[in-house]
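Okay, model-v7.txt is below, compact mmCIF, N, CA and C atoms:
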# COMPACT_ATOMS: atom_id res chain seq x y z
N MET A 261 11.80 15.82 -6.82
CA MET A 261 10.98 14.83 -7.50
C MET A 261 10.09 14.10 -6.51
N TYR A 262 10.65 13.58 -5.44
CA TYR A 262 9.86 12.93 -4.41
C TYR A 262 10.54 13.11 -3.08
N GLY A 263 9.82 12.81 -2.01
CA GLY A 263 10.30 13.10 -0.67
C GLY A 263 11.42 12.19 -0.20
N THR A 264 11.98 12.55 0.94
CA THR A 264 13.08 11.81 1.54
C THR A 264 12.70 10.38 1.87
N ALA A 265 11.47 10.15 2.30
CA ALA A 265 11.03 8.79 2.66
C ALA A 265 11.16 7.86 1.46
N ASN A 266 10.70 8.28 0.30
CA ASN A 266 10.81 7.46 -0.91
C ASN A 266 12.25 7.25 -1.32
N CYS A 267 13.08 8.28 -1.18
CA CYS A 267 14.48 8.20 -1.56
C CYS A 267 15.19 7.16 -0.70
N SER A 268 14.88 7.11 0.59
CA SER A 268 15.54 6.14 1.46
C SER A 268 15.16 4.71 1.10
N VAL A 269 13.96 4.52 0.59
CA VAL A 269 13.52 3.18 0.18
C VAL A 269 14.37 2.69 -1.00
N LEU A 270 14.81 3.59 -1.84
CA LEU A 270 15.58 3.22 -3.02
C LEU A 270 17.00 2.77 -2.67
N THR A 271 17.43 3.00 -1.45
CA THR A 271 18.80 2.66 -1.08
C THR A 271 18.94 1.26 -0.50
N GLU A 272 17.85 0.55 -0.30
CA GLU A 272 17.90 -0.78 0.29
C GLU A 272 17.43 -1.84 -0.70
N CYS A 273 18.33 -2.71 -1.11
CA CYS A 273 18.04 -3.74 -2.11
C CYS A 273 16.92 -4.69 -1.70
N ALA A 274 16.87 -5.01 -0.42
CA ALA A 274 15.95 -6.04 0.05
C ALA A 274 14.50 -5.59 0.15
N LYS A 275 14.26 -4.28 0.13
CA LYS A 275 12.91 -3.77 0.29
C LYS A 275 12.30 -3.39 -1.05
N ASP A 276 11.08 -3.88 -1.27
CA ASP A 276 10.34 -3.49 -2.47
C ASP A 276 9.86 -2.06 -2.28
N PRO A 277 10.19 -1.16 -3.19
CA PRO A 277 9.80 0.25 -3.02
C PRO A 277 8.33 0.52 -3.30
N GLY A 278 7.60 -0.46 -3.79
CA GLY A 278 6.20 -0.24 -4.15
C GLY A 278 6.12 0.37 -5.54
N GLU A 279 4.94 0.87 -5.87
CA GLU A 279 4.74 1.45 -7.19
C GLU A 279 5.64 2.66 -7.40
N LEU A 280 6.19 2.76 -8.59
CA LEU A 280 7.07 3.88 -8.95
C LEU A 280 6.54 4.55 -10.21
N THR A 281 6.76 5.84 -10.30
CA THR A 281 6.50 6.53 -11.56
C THR A 281 7.69 6.24 -12.48
N ALA A 282 7.56 6.57 -13.74
CA ALA A 282 8.67 6.36 -14.67
C ALA A 282 9.89 7.17 -14.24
N GLY A 283 9.69 8.38 -13.75
CA GLY A 283 10.80 9.21 -13.28
C GLY A 283 11.49 8.61 -12.06
N GLN A 284 10.70 8.11 -11.12
CA GLN A 284 11.27 7.47 -9.94
C GLN A 284 12.02 6.20 -10.33
N ALA A 285 11.46 5.45 -11.27
CA ALA A 285 12.11 4.22 -11.72
C ALA A 285 13.45 4.53 -12.39
N HIS A 286 13.49 5.59 -13.17
CA HIS A 286 14.75 5.99 -13.81
C HIS A 286 15.79 6.35 -12.75
N THR A 287 15.38 7.10 -11.75
CA THR A 287 16.28 7.46 -10.65
C THR A 287 16.74 6.20 -9.91
N ALA A 288 15.83 5.29 -9.65
CA ALA A 288 16.17 4.05 -8.95
C ALA A 288 17.20 3.25 -9.73
N MET A 289 17.06 3.20 -11.05
CA MET A 289 18.02 2.47 -11.87
C MET A 289 19.40 3.11 -11.76
N GLN A 290 19.47 4.42 -11.63
CA GLN A 290 20.75 5.10 -11.49
C GLN A 290 21.33 4.91 -10.09
N VAL A 291 20.48 5.00 -9.07
CA VAL A 291 20.93 4.83 -7.68
C VAL A 291 21.45 3.42 -7.46
N ARG A 292 20.81 2.43 -8.05
CA ARG A 292 21.16 1.03 -7.85
C ARG A 292 21.94 0.48 -9.05
N LEU A 293 22.75 1.30 -9.66
CA LEU A 293 23.48 0.96 -10.88
C LEU A 293 24.34 -0.30 -10.74
N ASP A 294 24.94 -0.51 -9.58
CA ASP A 294 25.81 -1.67 -9.39
C ASP A 294 25.07 -2.95 -9.03
N CYS A 295 23.76 -2.89 -8.91
CA CYS A 295 22.96 -4.06 -8.53
C CYS A 295 22.42 -4.77 -9.77
N GLY A 296 22.14 -6.03 -9.60
CA GLY A 296 21.47 -6.80 -10.64
C GLY A 296 20.01 -6.99 -10.28
N VAL A 297 19.16 -7.19 -11.26
CA VAL A 297 17.74 -7.37 -10.99
C VAL A 297 17.44 -8.69 -10.29
N GLU A 298 18.39 -9.63 -10.34
CA GLU A 298 18.17 -10.92 -9.70
C GLU A 298 18.11 -10.78 -8.18
N LEU A 299 18.93 -9.89 -7.61
CA LEU A 299 19.03 -9.76 -6.16
C LEU A 299 18.42 -8.47 -5.62
N CYS A 300 18.33 -7.44 -6.41
CA CYS A 300 17.89 -6.13 -5.94
C CYS A 300 16.42 -5.91 -6.29
N ARG A 301 15.58 -5.85 -5.26
CA ARG A 301 14.15 -5.66 -5.48
C ARG A 301 13.83 -4.26 -6.02
N VAL A 302 14.62 -3.28 -5.64
CA VAL A 302 14.41 -1.91 -6.13
C VAL A 302 14.66 -1.87 -7.63
N ARG A 303 15.78 -2.42 -8.07
CA ARG A 303 16.11 -2.41 -9.49
C ARG A 303 15.12 -3.25 -10.30
N ARG A 304 14.68 -4.37 -9.74
CA ARG A 304 13.71 -5.23 -10.41
C ARG A 304 12.40 -4.48 -10.62
N ARG A 305 11.92 -3.78 -9.57
CA ARG A 305 10.68 -3.01 -9.67
C ARG A 305 10.83 -1.87 -10.67
N ALA A 306 11.97 -1.20 -10.61
CA ALA A 306 12.21 -0.09 -11.52
C ALA A 306 12.25 -0.57 -12.97
N ARG A 307 12.91 -1.68 -13.22
CA ARG A 307 12.97 -2.20 -14.59
C ARG A 307 11.58 -2.56 -15.08
N ARG A 308 10.79 -3.22 -14.24
CA ARG A 308 9.43 -3.59 -14.64
C ARG A 308 8.61 -2.35 -14.96
N THR A 309 8.74 -1.32 -14.13
CA THR A 309 8.01 -0.07 -14.35
C THR A 309 8.38 0.55 -15.69
N LEU A 310 9.68 0.60 -15.99
CA LEU A 310 10.13 1.20 -17.24
C LEU A 310 9.74 0.37 -18.46
N VAL A 311 9.75 -0.94 -18.33
CA VAL A 311 9.34 -1.80 -19.45
C VAL A 311 7.84 -1.61 -19.71
N GLU A 312 7.05 -1.57 -18.64
CA GLU A 312 5.60 -1.39 -18.81
C GLU A 312 5.26 -0.02 -19.38
N ALA A 313 6.04 1.01 -19.02
CA ALA A 313 5.80 2.37 -19.52
C ALA A 313 6.38 2.57 -20.92
N ARG A 314 7.19 1.63 -21.36
CA ARG A 314 7.80 1.58 -22.70
C ARG A 314 9.06 2.41 -22.93
N PRO A 315 9.63 3.14 -21.95
CA PRO A 315 10.91 3.78 -22.26
C PRO A 315 12.05 2.77 -22.30
N MET A 316 11.82 1.56 -21.81
CA MET A 316 12.84 0.53 -21.82
C MET A 316 12.30 -0.69 -22.55
N VAL A 317 13.10 -1.23 -23.43
CA VAL A 317 12.73 -2.45 -24.14
C VAL A 317 13.81 -3.49 -23.84
N LEU A 318 13.38 -4.63 -23.32
CA LEU A 318 14.33 -5.68 -22.97
C LEU A 318 14.77 -6.48 -24.19
N ASP A 319 16.00 -6.89 -24.18
CA ASP A 319 16.50 -7.81 -25.18
C ASP A 319 15.76 -9.13 -24.98
N GLU A 320 15.51 -9.86 -26.02
CA GLU A 320 14.76 -11.12 -25.90
C GLU A 320 15.46 -12.13 -24.99
N ARG A 321 16.76 -11.96 -24.75
CA ARG A 321 17.49 -12.87 -23.86
C ARG A 321 17.31 -12.53 -22.39
N ALA A 322 16.79 -11.35 -22.09
CA ALA A 322 16.62 -10.92 -20.70
C ALA A 322 15.44 -11.66 -20.07
N THR A 323 15.62 -12.01 -18.81
CA THR A 323 14.52 -12.65 -18.10
C THR A 323 13.60 -11.57 -17.53
N PRO A 324 12.29 -11.80 -17.56
CA PRO A 324 11.35 -10.77 -17.09
C PRO A 324 11.42 -10.49 -15.61
Using structure tokens, write down the structure that the file contains.
Amino acid sequence: MYGTANCSVLTECAKDPGELTAGQAHTAMQVRLDCGVELCRVRRRARRTLVEARPMVLDERATP
């Protein structure tokens, strides 16, 4: 799907991975499954990407 450099970025919570495709965002959500969007920049970016692309719809109680 994408190269090793991008994959390594997904393993570090503190680093923003930059723009993600919907496929990369889905993978990131799986890789960072135990993280919360409050602390994990990868998961936060991935969630935003999926919400903007529309495969994910947030509950109204979720914070953006």
Item to complete: Would you mind listing what lies within 7 Å of Leu299 (chain A) as a PyMOL selection string, with all atoms listed in the file counted and same-chain residues fewer than 3 positions away left out?
Response: chain A and resi 273-274+295-296+302+304
Item to complete: List every residue of chain A that DSSP, applied to the backbone of this structure, assigns to helix (DSSP H, G or I), and report them as a PyMOL selection string.
Response: chain A and resi 264-269+282-291+301-313
Worksheet item: What is the distance, in Å and to one decimal place, between CA of Thr287 (chain A) and CA of Arg303 (chain A)?
Response: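 We find that CA of Thr287 (chain A) and CA of Arg303 (chain A) lie 9.9 Å from each other.
Shortest atom-to-atom contact with Gly278 (chain A) among A:Arg321, A:Val291, A:Arg305, A:Glu298: A:Arg305, counting all atoms listed in the file.
Comparing A:Val297, A:Ala306, A:Val317, A:Ala322 by their smallest distance to Thr281 (chain A), the closest is A:Ala306 (using all atoms listed in the file).
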Practice prompt. Select, from A:Met289, A:Ala282, A:Pro277, A:Asp294, the residue with the minimum atom-to-atom distance to Ala313 (chain A), counting all atoms listed in the file.
Written response: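 Closest to Ala313 (chain A), using all atoms listed in the file: A:Ala282.
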Practice prompt. Give the answer as one residue: which of A:Arg307, A:Glu320, A:Glu312, A:Gln284 has the shortest atom-to-atom distance to Val269 (chain A), using only C-alpha atoms?
Written response: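 So, comparing all the options, the nearest one is A:Gln284.
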For region 278-289 of chain A, which lacks atoms in the input, supply all heavy atoms and format the output as a PDB file, keeping the file's coordinate frame.
ATOM      1  N   GLY A 278       7.600  -0.460  -3.790  1.00  0.00           N
ATOM      2  CA  GLY A 278       6.200  -0.240  -4.150  1.00  0.00           C
ATOM      3  C   GLY A 278       6.120   0.370  -5.540  1.00  0.00           C
ATOM      4  O   GLY A 278       7.086   0.367  -6.297  1.00  0.00           O
ATOM      5  N   GLU A 279       4.940   0.870  -5.870  1.00  0.00           N
ATOM      6  CA  GLU A 279       4.740   1.450  -7.190  1.00  0.00           C
ATOM      7  C   GLU A 279       5.640   2.660  -7.400  1.00  0.00           C
ATOM      8  O   GLU A 279       5.818   3.471  -6.502  1.00  0.00           O
ATOM      9  CB  GLU A 279       3.271   1.852  -7.370  1.00  0.00           C
ATOM     10  CG  GLU A 279       2.307   0.683  -7.353  1.00  0.00           C
ATOM     11  CD  GLU A 279       2.550  -0.299  -8.485  1.00  0.00           C
ATOM     12  OE1 GLU A 279       2.800   0.144  -9.623  1.00  0.00           O
ATOM     13  OE2 GLU A 279       2.497  -1.505  -8.228  1.00  0.00           O
ATOM     14  N   LEU A 280       6.190   2.760  -8.590  1.00  0.00           N
ATOM     15  CA  LEU A 280       7.070   3.880  -8.950  1.00  0.00           C
ATOM     16  C   LEU A 280       6.540   4.550 -10.210  1.00  0.00           C
ATOM     17  O   LEU A 280       5.986   3.884 -11.090  1.00  0.00           O
ATOM     18  CB  LEU A 280       8.491   3.373  -9.236  1.00  0.00           C
ATOM     19  CG  LEU A 280       9.235   2.652  -8.125  1.00  0.00           C
ATOM     20  CD1 LEU A 280      10.521   2.045  -8.667  1.00  0.00           C
ATOM     21  CD2 LEU A 280       9.547   3.613  -6.991  1.00  0.00           C
ATOM     22  N   THR A 281       6.760   5.840 -10.300  1.00  0.00           N
ATOM     23  CA  THR A 281       6.500   6.530 -11.560  1.00  0.00           C
ATOM     24  C   THR A 281       7.690   6.240 -12.480  1.00  0.00           C
ATOM     25  O   THR A 281       8.723   5.738 -12.033  1.00  0.00           O
ATOM     26  CB  THR A 281       6.394   8.061 -11.360  1.00  0.00           C
ATOM     27  OG1 THR A 281       7.672   8.551 -10.941  1.00  0.00           O
ATOM     28  CG2 THR A 281       5.315   8.427 -10.355  1.00  0.00           C
ATOM     29  N   ALA A 282       7.560   6.570 -13.740  1.00  0.00           N
ATOM     30  CA  ALA A 282       8.670   6.360 -14.670  1.00  0.00           C
ATOM     31  C   ALA A 282       9.890   7.170 -14.240  1.00  0.00           C
ATOM     32  O   ALA A 282      11.022   6.686 -14.308  1.00  0.00           O
ATOM     33  CB  ALA A 282       8.251   6.730 -16.093  1.00  0.00           C
ATOM     34  N   GLY A 283       9.690   8.380 -13.750  1.00  0.00           N
ATOM     35  CA  GLY A 283      10.800   9.210 -13.280  1.00  0.00           C
ATOM     36  C   GLY A 283      11.490   8.610 -12.060  1.00  0.00           C
ATOM     37  O   GLY A 283      12.721   8.594 -11.975  1.00  0.00           O
ATOM     38  N   GLN A 284      10.700   8.110 -11.120  1.00  0.00           N
ATOM     39  CA  GLN A 284      11.270   7.470  -9.940  1.00  0.00           C
ATOM     40  C   GLN A 284      12.020   6.200 -10.330  1.00  0.00           C
ATOM     41  O   GLN A 284      13.079   5.905  -9.787  1.00  0.00           O
ATOM     42  CB  GLN A 284      10.174   7.136  -8.931  1.00  0.00           C
ATOM     43  CG  GLN A 284       9.559   8.339  -8.275  1.00  0.00           C
ATOM     44  CD  GLN A 284       8.315   7.998  -7.489  1.00  0.00           C
ATOM     45  OE1 GLN A 284       7.568   7.092  -7.849  1.00  0.00           O
ATOM     46  NE2 GLN A 284       8.089   8.737  -6.419  1.00  0.00           N
ATOM     47  N   ALA A 285      11.460   5.450 -11.270  1.00  0.00           N
ATOM     48  CA  ALA A 285      12.110   4.220 -11.720  1.00  0.00           C
ATOM     49  C   ALA A 285      13.450   4.530 -12.390  1.00  0.00           C
ATOM     50  O   ALA A 285      14.433   3.822 -12.174  1.00  0.00           O
ATOM     51  CB  ALA A 285      11.197   3.469 -12.689  1.00  0.00           C
ATOM     52  N   HIS A 286      13.490   5.590 -13.170  1.00  0.00           N
ATOM     53  CA  HIS A 286      14.750   5.990 -13.810  1.00  0.00           C
ATOM     54  C   HIS A 286      15.790   6.350 -12.750  1.00  0.00           C
ATOM     55  O   HIS A 286      16.946   5.912 -12.837  1.00  0.00           O
ATOM     56  CB  HIS A 286      14.496   7.176 -14.744  1.00  0.00           C
ATOM     57  CG  HIS A 286      15.724   7.667 -15.429  1.00  0.00           C
ATOM     58  ND1 HIS A 286      16.326   6.976 -16.461  1.00  0.00           N
ATOM     59  CD2 HIS A 286      16.481   8.758 -15.217  1.00  0.00           C
ATOM     60  CE1 HIS A 286      17.411   7.640 -16.842  1.00  0.00           C
ATOM     61  NE2 HIS A 286      17.524   8.726 -16.099  1.00  0.00           N
ATOM     62  N   THR A 287      15.380   7.100 -11.750  1.00  0.00           N
ATOM     63  CA  THR A 287      16.280   7.460 -10.650  1.00  0.00           C
ATOM     64  C   THR A 287      16.740   6.200  -9.910  1.00  0.00           C
ATOM     65  O   THR A 287      17.923   6.069  -9.597  1.00  0.00           O
ATOM     66  CB  THR A 287      15.585   8.424  -9.676  1.00  0.00           C
ATOM     67  OG1 THR A 287      15.244   9.618 -10.391  1.00  0.00           O
ATOM     68  CG2 THR A 287      16.484   8.764  -8.499  1.00  0.00           C
ATOM     69  N   ALA A 288      15.830   5.290  -9.650  1.00  0.00           N
ATOM     70  CA  ALA A 288      16.170   4.050  -8.950  1.00  0.00           C
ATOM     71  C   ALA A 288      17.200   3.250  -9.730  1.00  0.00           C
ATOM     72  O   ALA A 288      18.133   2.686  -9.148  1.00  0.00           O
ATOM     73  CB  ALA A 288      14.919   3.214  -8.716  1.00  0.00           C
ATOM     74  N   MET A 289      17.060   3.200 -11.050  1.00  0.00           N
ATOM     75  CA  MET A 289      18.020   2.470 -11.870  1.00  0.00           C
ATOM     76  C   MET A 289      19.400   3.110 -11.760  1.00  0.00           C
ATOM     77  O   MET A 289      20.417   2.409 -11.767  1.00  0.00           O
ATOM     78  CB  MET A 289      17.573   2.447 -13.335  1.00  0.00           C
ATOM     79  CG  MET A 289      16.317   1.632 -13.585  1.00  0.00           C
ATOM     80  SD  MET A 289      16.543  -0.125 -13.283  1.00  0.00           S
ATOM     81  CE  MET A 289      17.220  -0.621 -14.848  1.00  0.00           C
TER      82      MET A 289
END
